[in-house]
Amino acid sequence: MSLLDLENVKTVAVIGGGTIGASWSAWFLAQGFTVRCSDPSSAARDAAPGLVAACWPQLSALGASGSAQEALARFSIWESHLQAVEGADYVQENAPERLELKQRLLSEIDAALPADRVIGSSTSGLKASDMQTGMTHPERLVVAHPFNPPHLIPLVEIVGGKQTSEEAADWAVAFFNAHGKRAIQVRREVPGHIANRLQAALWKEAAYLVQSGVASVEDVDLAISEGPGLRWAIMGPHLTFHLGGGTGGMAHFYDHLVPAMQTWWADLGTPTMDAALREQLVDGVTQEVGDRSIADLAAERDRKLIDILNVLSPAAKRS
């Protein structure tokens, strides 16, 4: 299939103007695109420019040029998704996680959009194969799943459906990577894609350790944030263990340390997600948080994320 050249992408439609849609909009604006956003909710439309502007100091800290006011001059918000996609060169859909709703929206967007435009969905749990139902050009639909908040976290998971063309998936990877994201291609549709499955596996054991009395909620959190979590910002699990194998690398690690790890795997638990565990986790997090509000925690997270991203940026690596 013939797709729009990457250098000709000038306008992006963002479908859904809530927290994720506004974060995406801010990131696209920071890359210099014109953004046409839509949301059927008048309250969401009223709030969207403010949400975008609130992202701008963080984006500026990461190197975005210009002011929020200048960026918002390239931002418009519409009631209808069909209005938003007029003249769009790429579409990022962020509707609620309801399959029937996404199928309807995507089929209508597909009918209104030239055939050489790629459509990406931010879905975290639905399959592209299911969302393609009703589309005339299902080959151009990909899942383009961000990690929250999208304007800060580089990762985008690209997943094709049964009818997605290889060209469309490759185009999406190249598009995001060309603008500073780190897009990866998920080669087979699985629930939760990759990163959320890894998160789920870790949290499963974290909850089990709390429920079984091994450690408090705070200490389980500290075991990650003050331990392997620091390494994971630099290297993923395979590369970390390759380094852990010393001069023998992964081969040495696999031959000498995997047998012990298999005994740990055999002992991993499955928590019972009942009312008692809910109370343990809520009480534990409440104690860990202290007097910090959700806004305080988000600001702390984002400030530290920006510091980490600036340290890990290509410019910092060259200095």
# chains A, B, ... in the order shown; residues from 1 in each chain; ligands from 1

$ residues_around --residues "Gly180 (chain A)" --least-positions-apart "5" --cutoff "10 Å" --atoms "only C-alpha atoms" --output "PyMOL selection string"
chain A and resi 31+154-155+175+313

$ select_by_dssp --residues "region 75-237 of chain A" --states "strand (DSSP E)" --output "list in words"
Phe75, Ser76, Ile77, Trp78, Tyr90, Val91, Gln92, Glu93, Val118, Ile119, Gly120, Ser121, Leu141, Val142, Val143, Ala144, His145, Pro146, Leu155, Val156, Glu157, Ile158, Val159, Gly160, Arg182, Ala183, Ile184, Gln185 and Val186 of chain A

$ residues_around --residues "region 105-120 of chain A" --least-positions-apart "6" --cutoff "7 Å" --atoms "only C-alpha atoms" --output "number ranges by chain"
A: 2-4, 82, 89-93, 134-137, 140-144, 168

$ residues_around --residues "region 259-275 of chain A" --least-positions-apart "5" --cutoff "9 Å" --atoms "only C-alpha atoms" --output "PyMOL selection string"
chain A and resi 204-212+254+280

$ write_last_selection --atoms "N, CA, C and O atoms" --output "PDB file, in the first residue's frame"
ATOM      1  N   LYS A 204       1.575  -8.489  40.478  1.00  0.00           N
ATOM      2  CA  LYS A 204       1.019  -9.727  41.015  1.00  0.00           C
ATOM      3  C   LYS A 204       1.876 -10.230  42.172  1.00  0.00           C
ATOM      4  O   LYS A 204       1.365 -10.552  43.256  1.00  0.00           O
ATOM      5  N   GLU A 205       3.184 -10.285  41.980  1.00  0.00           N
ATOM      6  CA  GLU A 205       4.074 -10.752  43.039  1.00  0.00           C
ATOM      7  C   GLU A 205       4.168  -9.728  44.166  1.00  0.00           C
ATOM      8  O   GLU A 205       4.267 -10.098  45.348  1.00  0.00           O
ATOM      9  N   ALA A 206       4.148  -8.422  43.813  1.00  0.00           N
ATOM     10  CA  ALA A 206       4.208  -7.383  44.849  1.00  0.00           C
ATOM     11  C   ALA A 206       3.010  -7.500  45.789  1.00  0.00           C
ATOM     12  O   ALA A 206       3.151  -7.408  47.021  1.00  0.00           O
ATOM     13  N   ALA A 207       1.809  -7.716  45.222  1.00  0.00           N
ATOM     14  CA  ALA A 207       0.618  -7.874  46.059  1.00  0.00           C
ATOM     15  C   ALA A 207       0.689  -9.137  46.897  1.00  0.00           C
ATOM     16  O   ALA A 207       0.290  -9.161  48.069  1.00  0.00           O
ATOM     17  N   TYR A 208       1.228 -10.206  46.307  1.00  0.00           N
ATOM     18  CA  TYR A 208       1.368 -11.462  47.046  1.00  0.00           C
ATOM     19  C   TYR A 208       2.318 -11.293  48.230  1.00  0.00           C
ATOM     20  O   TYR A 208       2.063 -11.821  49.324  1.00  0.00           O
ATOM     21  N   LEU A 209       3.414 -10.596  48.032  1.00  0.00           N
ATOM     22  CA  LEU A 209       4.378 -10.391  49.115  1.00  0.00           C
ATOM     23  C   LEU A 209       3.758  -9.617  50.277  1.00  0.00           C
ATOM     24  O   LEU A 209       4.053  -9.891  51.450  1.00  0.00           O
ATOM     25  N   VAL A 210       2.893  -8.657  49.974  1.00  0.00           N
ATOM     26  CA  VAL A 210       2.192  -7.921  51.022  1.00  0.00           C
ATOM     27  C   VAL A 210       1.186  -8.832  51.710  1.00  0.00           C
ATOM     28  O   VAL A 210       1.137  -8.919  52.950  1.00  0.00           O
ATOM     29  N   GLN A 211       0.381  -9.536  50.923  1.00  0.00           N
ATOM     30  CA  GLN A 211      -0.665 -10.386  51.491  1.00  0.00           C
ATOM     31  C   GLN A 211      -0.094 -11.505  52.361  1.00  0.00           C
ATOM     32  O   GLN A 211      -0.675 -11.864  53.391  1.00  0.00           O
ATOM     33  N   SER A 212       1.044 -12.034  51.963  1.00  0.00           N
ATOM     34  CA  SER A 212       1.628 -13.160  52.706  1.00  0.00           C
ATOM     35  C   SER A 212       2.527 -12.712  53.849  1.00  0.00           C
ATOM     36  O   SER A 212       3.143 -13.549  54.516  1.00  0.00           O
ATOM     37  N   TYR A 254      22.790 -17.344  31.936  1.00  0.00           N
ATOM     38  CA  TYR A 254      21.799 -18.390  31.698  1.00  0.00           C
ATOM     39  C   TYR A 254      22.274 -19.723  32.269  1.00  0.00           C
ATOM     40  O   TYR A 254      21.508 -20.434  32.936  1.00  0.00           O
ATOM     41  N   GLN A 280      -5.467  -3.831  52.940  1.00  0.00           N
ATOM     42  CA  GLN A 280      -4.028  -3.792  53.186  1.00  0.00           C
ATOM     43  C   GLN A 280      -3.319  -2.825  52.244  1.00  0.00           C
ATOM     44  O   GLN A 280      -2.469  -2.034  52.671  1.00  0.00           O
TER      45      GLN A 280
END

$ select_by_dssp --residues "region 255-295 of chain A" --states "helix (DSSP H, G or I)" --output "PyMOL selection string"
chain A and resi 255-267+275-289+294-295

$ write_last_selection --atoms "N, CA and C atoms" --output "tab-separated table (two decimals), in the first residue's frame"
chain	number	residue	atom	x	y	z
A	255	ASP	N	23.52	-20.06	32.03
A	255	ASP	CA	24.04	-21.37	32.46
A	255	ASP	C	24.22	-21.46	33.96
A	256	HIS	N	24.57	-20.35	34.61
A	256	HIS	CA	24.94	-20.43	36.02
A	256	HIS	C	23.91	-19.87	36.98
A	257	LEU	N	23.06	-18.95	36.53
A	257	LEU	CA	22.12	-18.32	37.45
A	257	LEU	C	20.66	-18.68	37.20
A	258	VAL	N	20.34	-19.13	35.99
A	258	VAL	CA	18.95	-19.50	35.70
A	258	VAL	C	18.45	-20.64	36.58
A	259	PRO	N	19.26	-21.69	36.88
A	259	PRO	CA	18.74	-22.75	37.77
A	259	PRO	C	18.24	-22.21	39.11
A	260	ALA	N	18.99	-21.27	39.70
A	260	ALA	CA	18.53	-20.69	40.96
A	260	ALA	C	17.26	-19.87	40.75
A	261	MET	N	17.22	-19.12	39.65
A	261	MET	CA	16.05	-18.30	39.37
A	261	MET	C	14.81	-19.17	39.17
A	262	GLN	N	14.98	-20.35	38.60
A	262	GLN	CA	13.83	-21.23	38.40
A	262	GLN	C	13.21	-21.66	39.72
A	263	THR	N	14.04	-21.80	40.76
A	263	THR	CA	13.49	-22.13	42.08
A	263	THR	C	12.68	-20.95	42.61
A	264	TRP	N	13.11	-19.71	42.30
A	264	TRP	CA	12.31	-18.55	42.72
A	264	TRP	C	11.00	-18.52	41.95
A	265	TRP	N	11.05	-18.81	40.66
A	265	TRP	CA	9.81	-18.84	39.87
A	265	TRP	C	8.81	-19.83	40.46
A	266	ALA	N	9.31	-20.97	40.88
A	266	ALA	CA	8.42	-22.00	41.42
A	266	ALA	C	7.75	-21.53	42.71
A	267	ASP	N	8.37	-20.57	43.40
A	267	ASP	CA	7.85	-20.09	44.67
A	267	ASP	C	7.02	-18.81	44.54
A	275	ALA	N	-11.32	-8.43	49.71
A	275	ALA	CA	-11.51	-7.18	50.44
A	275	ALA	C	-10.39	-6.94	51.44
A	276	ALA	N	-9.89	-8.00	52.02
A	276	ALA	CA	-8.82	-7.85	53.01
A	276	ALA	C	-7.54	-7.32	52.36
A	277	LEU	N	-7.20	-7.85	51.19
A	277	LEU	CA	-6.01	-7.36	50.50
A	277	LEU	C	-6.22	-5.92	50.04
A	278	ARG	N	-7.41	-5.63	49.57
A	278	ARG	CA	-7.70	-4.24	49.18
A	278	ARG	C	-7.43	-3.30	50.33
A	279	GLU	N	-7.89	-3.67	51.53
A	279	GLU	CA	-7.68	-2.84	52.70
A	279	GLU	C	-6.19	-2.72	53.03
A	280	GLN	N	-5.47	-3.83	52.94
A	280	GLN	CA	-4.03	-3.79	53.19
A	280	GLN	C	-3.32	-2.83	52.24
A	281	LEU	N	-3.65	-2.92	50.96
A	281	LEU	CA	-2.97	-2.09	49.96
A	281	LEU	C	-3.35	-0.61	50.12
A	282	VAL	N	-4.64	-0.34	50.35
A	282	VAL	CA	-5.08	1.05	50.53
A	282	VAL	C	-4.45	1.65	51.77
A	283	ASP	N	-4.47	0.92	52.89
A	283	ASP	CA	-3.87	1.43	54.12
A	283	ASP	C	-2.36	1.60	53.97
A	284	GLY	N	-1.73	0.64	53.30
A	284	GLY	CA	-0.28	0.72	53.12
A	284	GLY	C	0.13	1.90	52.28
A	285	VAL	N	-0.59	2.14	51.18
A	285	VAL	CA	-0.27	3.29	50.33
A	285	VAL	C	-0.56	4.59	51.06
A	286	THR	N	-1.64	4.63	51.84
A	286	THR	CA	-1.98	5.84	52.61
A	286	THR	C	-0.85	6.19	53.57
A	287	GLN	N	-0.29	5.19	54.25
A	287	GLN	CA	0.83	5.43	55.15
A	287	GLN	C	2.08	5.87	54.39
A	288	GLU	N	2.31	5.25	53.23
A	288	GLU	CA	3.48	5.58	52.43
A	288	GLU	C	3.41	7.01	51.89
A	289	VAL	N	2.23	7.44	51.50
A	289	VAL	CA	2.05	8.76	50.90
A	289	VAL	C	2.17	9.88	51.93
A	294	ILE	N	-2.46	13.61	45.51
A	294	ILE	CA	-2.26	13.01	44.18
A	294	ILE	C	-1.51	13.99	43.28
A	295	ALA	N	-1.89	15.28	43.35
A	295	ALA	CA	-1.20	16.29	42.55
A	295	ALA	C	0.27	16.39	42.93

$ closest_atom_pairs --of "region 135-216 of chain A" --to "region 13-30 of chain A" --cutoff "12 Å" --atoms "only C-alpha atoms" --output "tab-separated table"
residue	atom	partner	partner_atom	distance
A:Ala144	CA	A:Trp24	CA	11.4
A:His145	CA	A:Ile20	CA	10.8
A:Pro146	CA	A:Trp24	CA	8.7
A:Phe147	CA	A:Ile20	CA	9.4
A:Asn148	CA	A:Ile20	CA	7.4
A:Pro149	CA	A:Ser23	CA	6.5
A:Pro150	CA	A:Trp24	CA	5.6
A:His151	CA	A:Trp27	CA	4.7
A:Leu152	CA	A:Trp27	CA	7.9
A:Ile153	CA	A:Trp27	CA	10.2
A:Pro154	CA	A:Trp27	CA	10.4
A:Val156	CA	A:Trp24	CA	11.4
A:Phe175	CA	A:Phe28	CA	11.6
A:Phe176	CA	A:Phe28	CA	10.2
A:His179	CA	A:Phe28	CA	9.0
A:Gly180	CA	A:Trp27	CA	10.1
A:Lys181	CA	A:Trp27	CA	10.0

$ write_last_selection --atoms "C-alpha atoms" --output "PDB file, in the first residue's frame"
ATOM      1  CA  ALA A 144      -0.145   2.976  18.978  1.00  0.00           C
ATOM      2  CA  HIS A 145      -0.240   2.509  22.726  1.00  0.00           C
ATOM      3  CA  PRO A 146       1.512   5.183  24.821  1.00  0.00           C
ATOM      4  CA  PHE A 147       2.671   5.028  28.404  1.00  0.00           C
ATOM      5  CA  ASN A 148       1.231   7.619  30.761  1.00  0.00           C
ATOM      6  CA  PRO A 149       1.884  10.507  30.554  1.00  0.00           C
ATOM      7  CA  PRO A 150       2.354  10.385  26.771  1.00  0.00           C
ATOM      8  CA  HIS A 151       3.978  13.821  26.575  1.00  0.00           C
ATOM      9  CA  LEU A 152       6.839  12.570  28.775  1.00  0.00           C
ATOM     10  CA  ILE A 153       7.235   8.790  28.448  1.00  0.00           C
ATOM     11  CA  PRO A 154       9.007   7.855  25.182  1.00  0.00           C
ATOM     12  CA  VAL A 156       4.925   3.683  22.089  1.00  0.00           C
ATOM     13  CA  PHE A 175       6.933   8.157  12.409  1.00  0.00           C
ATOM     14  CA  PHE A 176       7.237   8.077  16.171  1.00  0.00           C
ATOM     15  CA  HIS A 179      10.108  12.586  16.442  1.00  0.00           C
ATOM     16  CA  GLY A 180      11.853  11.367  19.574  1.00  0.00           C
ATOM     17  CA  LYS A 181       9.608   8.563  20.778  1.00  0.00           C
TER      18      LYS A 181
END

$ atom_distance --atom1 "CA of Ser67 (chain A)" --atom2 "CA of Arg303 (chain A)"
19.1 Å

$ closest_residue --among "A:Ser76, A:Ser41, A:Ala178, A:Met131" --to "Glu7 (chain A)" --atoms "only C-alpha atoms"
A:Ala178

$ residues_around --residues "Val159 (chain A)" --least-positions-apart "4" --cutoff "10 Å" --atoms "only C-alpha atoms" --output "mmCIF file with N, CA and C atoms, in the first residue's frame"
data_model
loop_
_atom_site.group_PDB
_atom_site.id
_atom_site.type_symbol
_atom_site.label_atom_id
_atom_site.label_comp_id
_atom_site.auth_asym_id
_atom_site.auth_seq_id
_atom_site.Cartn_x
_atom_site.Cartn_y
_atom_site.Cartn_z
ATOM 1 N N GLY A 120 -3.882 5.471 14.288
ATOM 2 C CA GLY A 120 -3.379 4.793 15.478
ATOM 3 C C GLY A 120 -4.384 4.867 16.612
ATOM 4 N N SER A 121 -4.482 3.801 17.388
ATOM 5 C CA SER A 121 -5.360 3.773 18.558
ATOM 6 C C SER A 121 -4.517 3.642 19.820
ATOM 7 N N LYS A 127 -7.837 -5.358 20.903
ATOM 8 C CA LYS A 127 -7.017 -5.810 19.782
ATOM 9 C C LYS A 127 -7.387 -5.053 18.508
ATOM 10 N N ALA A 128 -6.362 -4.717 17.731
ATOM 11 C CA ALA A 128 -6.600 -4.065 16.446
ATOM 12 C C ALA A 128 -7.489 -4.935 15.559
ATOM 13 N N SER A 129 -7.288 -6.249 15.616
ATOM 14 C CA SER A 129 -8.090 -7.159 14.786
ATOM 15 C C SER A 129 -9.579 -6.996 15.047
ATOM 16 N N LEU A 141 -4.880 0.547 10.047
ATOM 17 C CA LEU A 141 -5.080 0.707 11.494
ATOM 18 C C LEU A 141 -4.001 -0.016 12.279
ATOM 19 N N VAL A 142 -3.395 0.697 13.238
ATOM 20 C CA VAL A 142 -2.460 0.088 14.176
ATOM 21 C C VAL A 142 -2.850 0.509 15.587
ATOM 22 N N VAL A 143 -2.508 -0.306 16.560
ATOM 23 C CA VAL A 143 -2.491 0.158 17.934
ATOM 24 C C VAL A 143 -1.196 0.941 18.106
ATOM 25 N N ALA A 144 -1.318 2.163 18.641
ATOM 26 C CA ALA A 144 -0.145 2.976 18.978
ATOM 27 C C ALA A 144 -0.310 3.352 20.444
ATOM 28 N N HIS A 145 0.050 2.398 21.292
ATOM 29 C CA HIS A 145 -0.240 2.509 22.726
ATOM 30 C C HIS A 145 0.867 3.278 23.447
ATOM 31 N N THR A 164 -3.884 -5.580 9.289
ATOM 32 C CA THR A 164 -2.949 -4.459 9.189
ATOM 33 C C THR A 164 -1.810 -4.808 8.241
ATOM 34 N N ALA A 169 2.403 -0.675 9.834
ATOM 35 C CA ALA A 169 3.105 -0.851 11.111
ATOM 36 C C ALA A 169 4.494 -0.246 11.038
ATOM 37 N N ALA A 172 4.286 3.563 11.194
ATOM 38 C CA ALA A 172 4.028 4.084 12.536
ATOM 39 C C ALA A 172 5.285 4.072 13.384
ATOM 40 N N VAL A 173 6.050 2.982 13.317
ATOM 41 C CA VAL A 173 7.306 2.917 14.069
ATOM 42 C C VAL A 173 8.237 4.038 13.614
ATOM 43 N N ILE A 184 8.239 0.532 19.628
ATOM 44 C CA ILE A 184 8.589 -0.874 19.466
ATOM 45 C C ILE A 184 7.423 -1.575 18.786
ATOM 46 N N GLN A 185 7.715 -2.644 18.076
ATOM 47 C CA GLN A 185 6.672 -3.370 17.356
ATOM 48 C C GLN A 185 6.344 -4.670 18.080
ATOM 49 N N VAL A 186 5.090 -4.793 18.477
ATOM 50 C CA VAL A 186 4.597 -6.020 19.096
ATOM 51 C C VAL A 186 4.186 -6.948 17.954
ATOM 52 N N ARG A 187 4.842 -8.082 17.832
ATOM 53 C CA ARG A 187 4.694 -8.910 16.637
ATOM 54 C C ARG A 187 3.475 -9.828 16.655
ATOM 55 N N ARG A 188 2.867 -9.967 17.827
ATOM 56 C CA ARG A 188 1.660 -10.800 17.921
ATOM 57 C C ARG A 188 0.720 -10.165 18.931
ATOM 58 N N GLU A 189 -0.549 -10.108 18.610
ATOM 59 C CA GLU A 189 -1.526 -9.502 19.510
ATOM 60 C C GLU A 189 -1.689 -10.349 20.775
ATOM 61 N N VAL A 190 -1.466 -9.734 21.910
ATOM 62 C CA VAL A 190 -1.701 -10.376 23.207
ATOM 63 C C VAL A 190 -2.338 -9.329 24.117
ATOM 64 N N HIS A 193 -0.540 -5.986 25.535
ATOM 65 C CA HIS A 193 0.661 -5.703 24.746
ATOM 66 C C HIS A 193 1.913 -6.212 25.493
#

$ closest_residue --among "A:Ile77, A:Ala215, A:Asn310, A:Trp171" --to "Val9 (chain A)" --atoms "only C-alpha atoms"
A:Trp171

$ closest_residue --among "A:Ile158, A:Ala44, A:His81, A:Gly227" --to "Ile194 (chain A)" --atoms "only C-alpha atoms"
A:Ile158
